[in-house]
Structures are given as structure tokens and as C-alpha cells.
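Enquirer: This is run-v4.cif, which holds mmCIF, N, CA and C atoms:
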```cif
data_query
loop_
_atom_site.group_PDB
_atom_site.id
_atom_site.type_symbol
_atom_site.label_atom_id
_atom_site.label_comp_id
_atom_site.auth_asym_id
_atom_site.auth_seq_id
_atom_site.Cartn_x
_atom_site.Cartn_y
_atom_site.Cartn_z
ATOM 1 N N LEU R 21 0.841 -1.183 0.000
ATOM 2 C CA LEU R 21 0.000 0.000 0.000
ATOM 3 C C LEU R 21 0.886 1.246 0.000
ATOM 4 N N GLN R 22 0.836 2.051 -1.029
ATOM 5 C CA GLN R 22 1.654 3.254 -1.105
ATOM 6 C C GLN R 22 0.911 4.430 -0.490
ATOM 7 N N GLN R 23 1.627 5.158 0.333
ATOM 8 C CA GLN R 23 1.038 6.321 0.980
ATOM 9 C C GLN R 23 1.666 7.584 0.403
ATOM 10 N N ASN R 24 0.898 8.635 0.338
ATOM 11 C CA ASN R 24 1.426 9.929 -0.093
ATOM 12 C C ASN R 24 1.851 10.716 1.141
ATOM 13 N N LEU R 25 3.000 10.364 1.687
ATOM 14 C CA LEU R 25 3.482 11.013 2.895
ATOM 15 C C LEU R 25 4.212 12.297 2.546
ATOM 16 N N LYS R 26 3.978 13.322 3.364
ATOM 17 C CA LYS R 26 4.629 14.615 3.174
ATOM 18 C C LYS R 26 4.926 15.197 4.541
ATOM 19 N N CYS R 27 6.022 15.917 4.629
ATOM 20 C CA CYS R 27 6.288 16.698 5.831
ATOM 21 C C CYS R 27 7.074 17.938 5.425
ATOM 22 N N ARG R 28 7.038 18.934 6.306
ATOM 23 C CA ARG R 28 7.757 20.190 6.072
ATOM 24 C C ARG R 28 8.527 20.523 7.338
ATOM 25 N N ILE R 29 9.825 20.792 7.155
ATOM 26 C CA ILE R 29 10.705 21.047 8.293
ATOM 27 C C ILE R 29 11.378 22.399 8.110
ATOM 28 N N ARG R 30 11.309 23.244 9.132
ATOM 29 C CA ARG R 30 12.032 24.518 9.123
ATOM 30 C C ARG R 30 13.438 24.242 9.643
ATOM 31 N N VAL R 31 14.431 24.624 8.835
ATOM 32 C CA VAL R 31 15.833 24.366 9.152
ATOM 33 C C VAL R 31 16.529 25.699 9.424
ATOM 34 N N PHE R 32 17.183 25.771 10.562
ATOM 35 C CA PHE R 32 17.955 26.954 10.941
ATOM 36 C C PHE R 32 19.433 26.613 10.788
ATOM 37 N N LEU R 33 20.168 27.476 10.075
ATOM 38 C CA LEU R 33 21.587 27.231 9.798
ATOM 39 C C LEU R 33 22.459 28.316 10.402
ATOM 40 N N SER R 34 23.654 27.918 10.813
ATOM 41 C CA SER R 34 24.647 28.883 11.286
ATOM 42 C C SER R 34 25.351 29.511 10.086
ATOM 43 N N GLU R 35 26.185 30.492 10.352
ATOM 44 C CA GLU R 35 26.940 31.149 9.275
ATOM 45 C C GLU R 35 27.896 30.187 8.585
ATOM 46 N N SER R 36 28.263 29.102 9.280
ATOM 47 C CA SER R 36 29.170 28.120 8.689
ATOM 48 C C SER R 36 28.426 27.004 7.951
ATOM 49 N N GLY R 37 27.078 27.031 7.980
ATOM 50 C CA GLY R 37 26.281 26.027 7.285
ATOM 51 C C GLY R 37 25.861 24.856 8.149
ATOM 52 N N GLN R 38 26.179 24.894 9.440
ATOM 53 C CA GLN R 38 25.770 23.830 10.364
ATOM 54 C C GLN R 38 24.287 23.984 10.718
ATOM 55 N N VAL R 39 23.613 22.857 10.886
ATOM 56 C CA VAL R 39 22.226 22.890 11.347
ATOM 57 C C VAL R 39 22.224 23.306 12.811
ATOM 58 N N ILE R 40 21.497 24.388 13.115
ATOM 59 C CA ILE R 40 21.358 24.865 14.489
ATOM 60 C C ILE R 40 20.201 24.129 15.151
ATOM 61 N N LYS R 41 19.054 24.089 14.470
ATOM 62 C CA LYS R 41 17.887 23.372 14.984
ATOM 63 C C LYS R 41 16.917 23.101 13.852
ATOM 64 N N LEU R 42 16.003 22.190 14.121
ATOM 65 C CA LEU R 42 14.948 21.811 13.177
ATOM 66 C C LEU R 42 13.613 21.931 13.888
ATOM 67 N N GLU R 43 12.594 22.393 13.167
ATOM 68 C CA GLU R 43 11.234 22.461 13.703
ATOM 69 C C GLU R 43 10.277 21.910 12.655
ATOM 70 N N PHE R 44 9.474 20.943 13.041
ATOM 71 C CA PHE R 44 8.480 20.423 12.105
ATOM 72 C C PHE R 44 7.359 21.438 11.957
ATOM 73 N N GLN R 45 7.112 21.857 10.730
ATOM 74 C CA GLN R 45 6.001 22.753 10.422
ATOM 75 C C GLN R 45 4.767 21.942 10.064
ATOM 76 N N GLN R 46 5.005 20.745 9.507
ATOM 77 C CA GLN R 46 3.915 19.830 9.145
ATOM 78 C C GLN R 46 4.456 18.413 9.232
ATOM 79 N N SER R 47 3.865 17.619 10.082
ATOM 80 C CA SER R 47 4.249 16.217 10.208
ATOM 81 C C SER R 47 3.497 15.393 9.164
ATOM 82 N N SER R 48 4.105 14.313 8.754
ATOM 83 C CA SER R 48 3.436 13.392 7.836
ATOM 84 C C SER R 48 2.401 12.545 8.571
ATOM 85 N N GLY R 49 2.515 12.508 9.901
ATOM 86 C CA GLY R 49 1.658 11.635 10.682
ATOM 87 C C GLY R 49 2.238 10.228 10.812
ATOM 88 N N HIS R 50 3.406 10.024 10.209
ATOM 89 C CA HIS R 50 4.083 8.731 10.230
ATOM 90 C C HIS R 50 5.459 8.948 10.860
ATOM 91 N N THR R 51 5.647 8.451 12.077
ATOM 92 C CA THR R 51 6.852 8.718 12.854
ATOM 93 C C THR R 51 8.133 8.346 12.116
ATOM 94 N N ASP R 52 8.152 7.186 11.480
ATOM 95 C CA ASP R 52 9.361 6.732 10.786
ATOM 96 C C ASP R 52 9.698 7.648 9.610
ATOM 97 N N TYR R 53 8.705 8.057 8.855
ATOM 98 C CA TYR R 53 8.937 8.957 7.714
ATOM 99 C C TYR R 53 9.515 10.281 8.198
ATOM 100 N N ASP R 54 8.922 10.850 9.235
ATOM 101 C CA ASP R 54 9.413 12.122 9.772
ATOM 102 C C ASP R 54 10.853 11.981 10.272
ATOM 103 N N ALA R 55 11.149 10.884 10.950
ATOM 104 C CA ALA R 55 12.504 10.654 11.461
ATOM 105 C C ALA R 55 13.508 10.537 10.322
ATOM 106 N N ARG R 56 13.119 9.896 9.240
ATOM 107 C CA ARG R 56 14.021 9.763 8.090
ATOM 108 C C ARG R 56 14.261 11.107 7.412
ATOM 109 N N ALA R 57 13.229 11.940 7.339
ATOM 110 C CA ALA R 57 13.394 13.276 6.760
ATOM 111 C C ALA R 57 14.344 14.106 7.620
ATOM 112 N N GLU R 58 14.149 14.046 8.941
ATOM 113 C CA GLU R 58 15.043 14.773 9.849
ATOM 114 C C GLU R 58 16.473 14.262 9.721
ATOM 115 N N LYS R 59 16.655 12.945 9.649
ATOM 116 C CA LYS R 59 17.987 12.361 9.510
ATOM 117 C C LYS R 59 18.648 12.791 8.204
ATOM 118 N N ALA R 60 17.874 12.872 7.129
ATOM 119 C CA ALA R 60 18.439 13.298 5.843
ATOM 120 C C ALA R 60 19.018 14.709 5.942
ATOM 121 N N ILE R 61 18.317 15.587 6.642
ATOM 122 C CA ILE R 61 18.815 16.958 6.805
ATOM 123 C C ILE R 61 20.058 16.960 7.672
ATOM 124 N N ARG R 62 20.017 16.249 8.789
ATOM 125 C CA ARG R 62 21.176 16.220 9.694
ATOM 126 C C ARG R 62 22.388 15.586 9.016
ATOM 127 N N ASP R 63 22.165 14.543 8.225
ATOM 128 C CA ASP R 63 23.269 13.878 7.520
ATOM 129 C C ASP R 63 23.881 14.770 6.446
ATOM 130 N N ALA R 64 23.106 15.700 5.903
ATOM 131 C CA ALA R 64 23.602 16.604 4.864
ATOM 132 C C ALA R 64 24.410 17.762 5.449
ATOM 133 N N SER R 65 24.321 17.957 6.757
ATOM 134 C CA SER R 65 25.034 19.038 7.421
ATOM 135 C C SER R 65 26.513 18.687 7.539
ATOM 136 N N PRO R 66 27.422 19.618 7.333
ATOM 137 C CA PRO R 66 27.150 21.034 7.113
ATOM 138 C C PRO R 66 26.805 21.317 5.652
ATOM 139 N N PHE R 67 25.929 22.270 5.475
ATOM 140 C CA PHE R 67 25.598 22.775 4.146
ATOM 141 C C PHE R 67 26.649 23.796 3.750
ATOM 142 N N PRO R 68 26.720 24.157 2.488
ATOM 143 C CA PRO R 68 27.653 25.230 2.115
ATOM 144 C C PRO R 68 27.321 26.494 2.908
ATOM 145 N N PRO R 69 28.327 27.226 3.346
ATOM 146 C CA PRO R 69 28.051 28.454 4.104
ATOM 147 C C PRO R 69 27.165 29.400 3.295
ATOM 148 N N PRO R 70 26.126 29.942 3.927
ATOM 149 C CA PRO R 70 25.254 30.878 3.205
ATOM 150 C C PRO R 70 25.966 32.199 2.944
ATOM 151 N N THR R 71 25.502 32.903 1.942
ATOM 152 C CA THR R 71 26.061 34.219 1.653
ATOM 153 C C THR R 71 25.696 35.183 2.780
ATOM 154 N N ALA R 72 26.431 36.246 2.873
ATOM 155 C CA ALA R 72 26.194 37.234 3.925
ATOM 156 C C ALA R 72 24.772 37.790 3.855
ATOM 157 N N GLU R 73 24.219 37.885 2.648
ATOM 158 C CA GLU R 73 22.874 38.450 2.465
ATOM 159 C C GLU R 73 21.782 37.617 3.132
ATOM 160 N N VAL R 74 21.983 36.309 3.244
ATOM 161 C CA VAL R 74 20.932 35.452 3.797
ATOM 162 C C VAL R 74 21.318 34.765 5.106
ATOM 163 N N ALA R 75 22.563 34.887 5.526
ATOM 164 C CA ALA R 75 23.032 34.157 6.711
ATOM 165 C C ALA R 75 22.207 34.480 7.950
ATOM 166 N N GLN R 76 21.928 35.752 8.200
ATOM 167 C CA GLN R 76 21.171 36.116 9.399
ATOM 168 C C GLN R 76 19.745 35.581 9.330
ATOM 169 N N ARG R 77 19.130 35.655 8.152
ATOM 170 C CA ARG R 77 17.763 35.144 7.997
ATOM 171 C C ARG R 77 17.714 33.636 8.239
ATOM 172 N N LEU R 78 18.721 32.905 7.750
ATOM 173 C CA LEU R 78 18.741 31.458 7.938
ATOM 174 C C LEU R 78 18.942 31.072 9.399
ATOM 175 N N SER R 79 19.678 31.885 10.148
ATOM 176 C CA SER R 79 19.881 31.558 11.559
ATOM 177 C C SER R 79 18.694 31.996 12.416
ATOM 178 N N ASN R 80 18.006 33.071 12.019
ATOM 179 C CA ASN R 80 16.879 33.582 12.811
ATOM 180 C C ASN R 80 15.529 33.004 12.399
ATOM 181 N N SER R 81 15.275 32.933 11.098
ATOM 182 C CA SER R 81 13.967 32.503 10.594
ATOM 183 C C SER R 81 13.988 31.126 9.955
ATOM 184 N N GLY R 82 15.147 30.684 9.504
ATOM 185 C CA GLY R 82 15.274 29.378 8.879
ATOM 186 C C GLY R 82 14.717 29.345 7.470
ATOM 187 N N ILE R 83 14.726 28.162 6.928
ATOM 188 C CA ILE R 83 14.181 27.891 5.603
ATOM 189 C C ILE R 83 13.374 26.596 5.704
ATOM 190 N N ILE R 84 12.266 26.524 5.004
ATOM 191 C CA ILE R 84 11.416 25.331 5.082
ATOM 192 C C ILE R 84 11.775 24.391 3.938
ATOM 193 N N ILE R 85 12.019 23.146 4.308
ATOM 194 C CA ILE R 85 12.288 22.095 3.329
ATOM 195 C C ILE R 85 11.133 21.108 3.383
ATOM 196 N N GLY R 86 10.564 20.823 2.230
ATOM 197 C CA GLY R 86 9.449 19.888 2.153
ATOM 198 C C GLY R 86 9.916 18.534 1.652
ATOM 199 N N PHE R 87 9.350 17.485 2.203
ATOM 200 C CA PHE R 87 9.619 16.123 1.756
ATOM 201 C C PHE R 87 8.308 15.518 1.307
ATOM 202 N N PRO R 88 8.266 14.813 0.191
ATOM 203 C CA PRO R 88 9.430 14.507 -0.615
ATOM 204 C C PRO R 88 9.930 15.746 -1.343
ATOM 205 N N LEU R 89 11.224 15.736 -1.639
ATOM 206 C CA LEU R 89 11.810 16.830 -2.413
ATOM 207 C C LEU R 89 11.283 16.732 -3.836
ATOM 208 N N LEU R 90 10.859 17.842 -4.376
ATOM 209 C CA LEU R 90 10.329 17.828 -5.742
ATOM 210 C C LEU R 90 11.257 18.527 -6.690
#
```
Kindly return the structure encoded in the file as C-alpha cells.

Expert:
Amino acid sequence: LQQNLKCRIRVFLSESGQVIKLEFQQSSGHTDYDARAEKAIRDASPFPPPTAEVAQRLSNSGIIIGFPLL
């Protein structure tokens, strides 16, 4: 049985591209799926350092990443 699972995670990054914290904006309702999405983000860290223009916004407001990635 295939499910259309989706989740959205707000990711906060440091100036060096490290994940500071994650906040679920929308859970898929499936614990394992959400955990795998969170792990994918953590495993990808560190990200390339953000440019000076967006670094403060990424550390204060974050960016939302939706899964599945489209």
C-alpha cells in the first residue's frame, strides 16, 4: 500500500552552514517517515556556508524544506 506522505521542516543554519535546529512545520503523521526526513537533513550538514545576504535570515527565521523533495 503506497502512501502519499509529506512533511515540512524549518531548518535553521549557522553562518558556517551547520544545522542549528529543526522544527516540524507539518508532520506526515508517520513517525518513521518524519525521522528519516530529519535524519536526511542532519546527515547533509554542514551545508555550504550561506552568503552574507541570507546568513542572518537562515539563523533567525530558517528555511522550510518539504519532503518529498520535488

Enquirer: Evaluated on this file, the PyMOL selection byres (((chain R and resi 29-41 and name CA) around 10) and name CA) picks out some residues - which ones are they, written as number ranges by chain?

Expert: R: 27-28, 42-47, 54, 57-58, 61-72, 74-87

Enquirer: Can you check which residues of chain R DSSP gives as helix (DSSP H, G or I) on the backbone and send them as a PyMOL selection string?

Expert: chain R and resi 51-64+72-80

Enquirer: Can you measure atom C of R:Glu73 to atom CA of R:Arg56 for me? One decimal in Å is fine.

Expert: 29.3 Å

Enquirer: Step one, run DSSP on the backbone; step two, keep only residues of stretch 46-90 of chain R assigned to strand (DSSP E or B); then write them as a PDB file with N, CA and C atoms, in the coordinates of the input.

Expert:
```
ATOM      1  N   GLN R  46       5.005  20.745   9.507  1.00  0.00           N
ATOM      2  CA  GLN R  46       3.915  19.830   9.145  1.00  0.00           C
ATOM      3  C   GLN R  46       4.456  18.413   9.232  1.00  0.00           C
ATOM      4  N   ILE R  83      14.726  28.162   6.928  1.00  0.00           N
ATOM      5  CA  ILE R  83      14.181  27.891   5.603  1.00  0.00           C
ATOM      6  C   ILE R  83      13.374  26.596   5.704  1.00  0.00           C
ATOM      7  N   ILE R  84      12.266  26.524   5.004  1.00  0.00           N
ATOM      8  CA  ILE R  84      11.416  25.331   5.082  1.00  0.00           C
ATOM      9  C   ILE R  84      11.775  24.391   3.938  1.00  0.00           C
ATOM     10  N   ILE R  85      12.019  23.146   4.308  1.00  0.00           N
ATOM     11  CA  ILE R  85      12.288  22.095   3.329  1.00  0.00           C
ATOM     12  C   ILE R  85      11.133  21.108   3.383  1.00  0.00           C
ATOM     13  N   GLY R  86      10.564  20.823   2.230  1.00  0.00           N
ATOM     14  CA  GLY R  86       9.449  19.888   2.153  1.00  0.00           C
ATOM     15  C   GLY R  86       9.916  18.534   1.652  1.00  0.00           C
ATOM     16  N   PHE R  87       9.350  17.485   2.203  1.00  0.00           N
ATOM     17  CA  PHE R  87       9.619  16.123   1.756  1.00  0.00           C
ATOM     18  C   PHE R  87       8.308  15.518   1.307  1.00  0.00           C
TER      19      PHE R  87
END
```

Enquirer: What is the atom C of R:Leu89 to atom C of R:Thr51 distance in Å?

Expert: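 One can read the atom C of R:Leu89 to atom C of R:Thr51 distance as 18.3 Å.
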
Enquirer: Just to confirm, what's the straight-line distance from atom CA of R:Tyr53 to atom C of R:Gln23 in Å (one decimal)?

Expert: 10.4 Å

Enquirer: Around all listed atoms of stretch 45-62 of chain R, padded 6 Å per side, what centre and edge lengths does the axis-aligned box have in Å to one decimal, as JSON?

Expert:
```
{"center_x": 12.0, "center_y": 14.7, "center_z": 9.3, "size_x": 32.7, "size_y": 28.0, "size_z": 19.0}
```
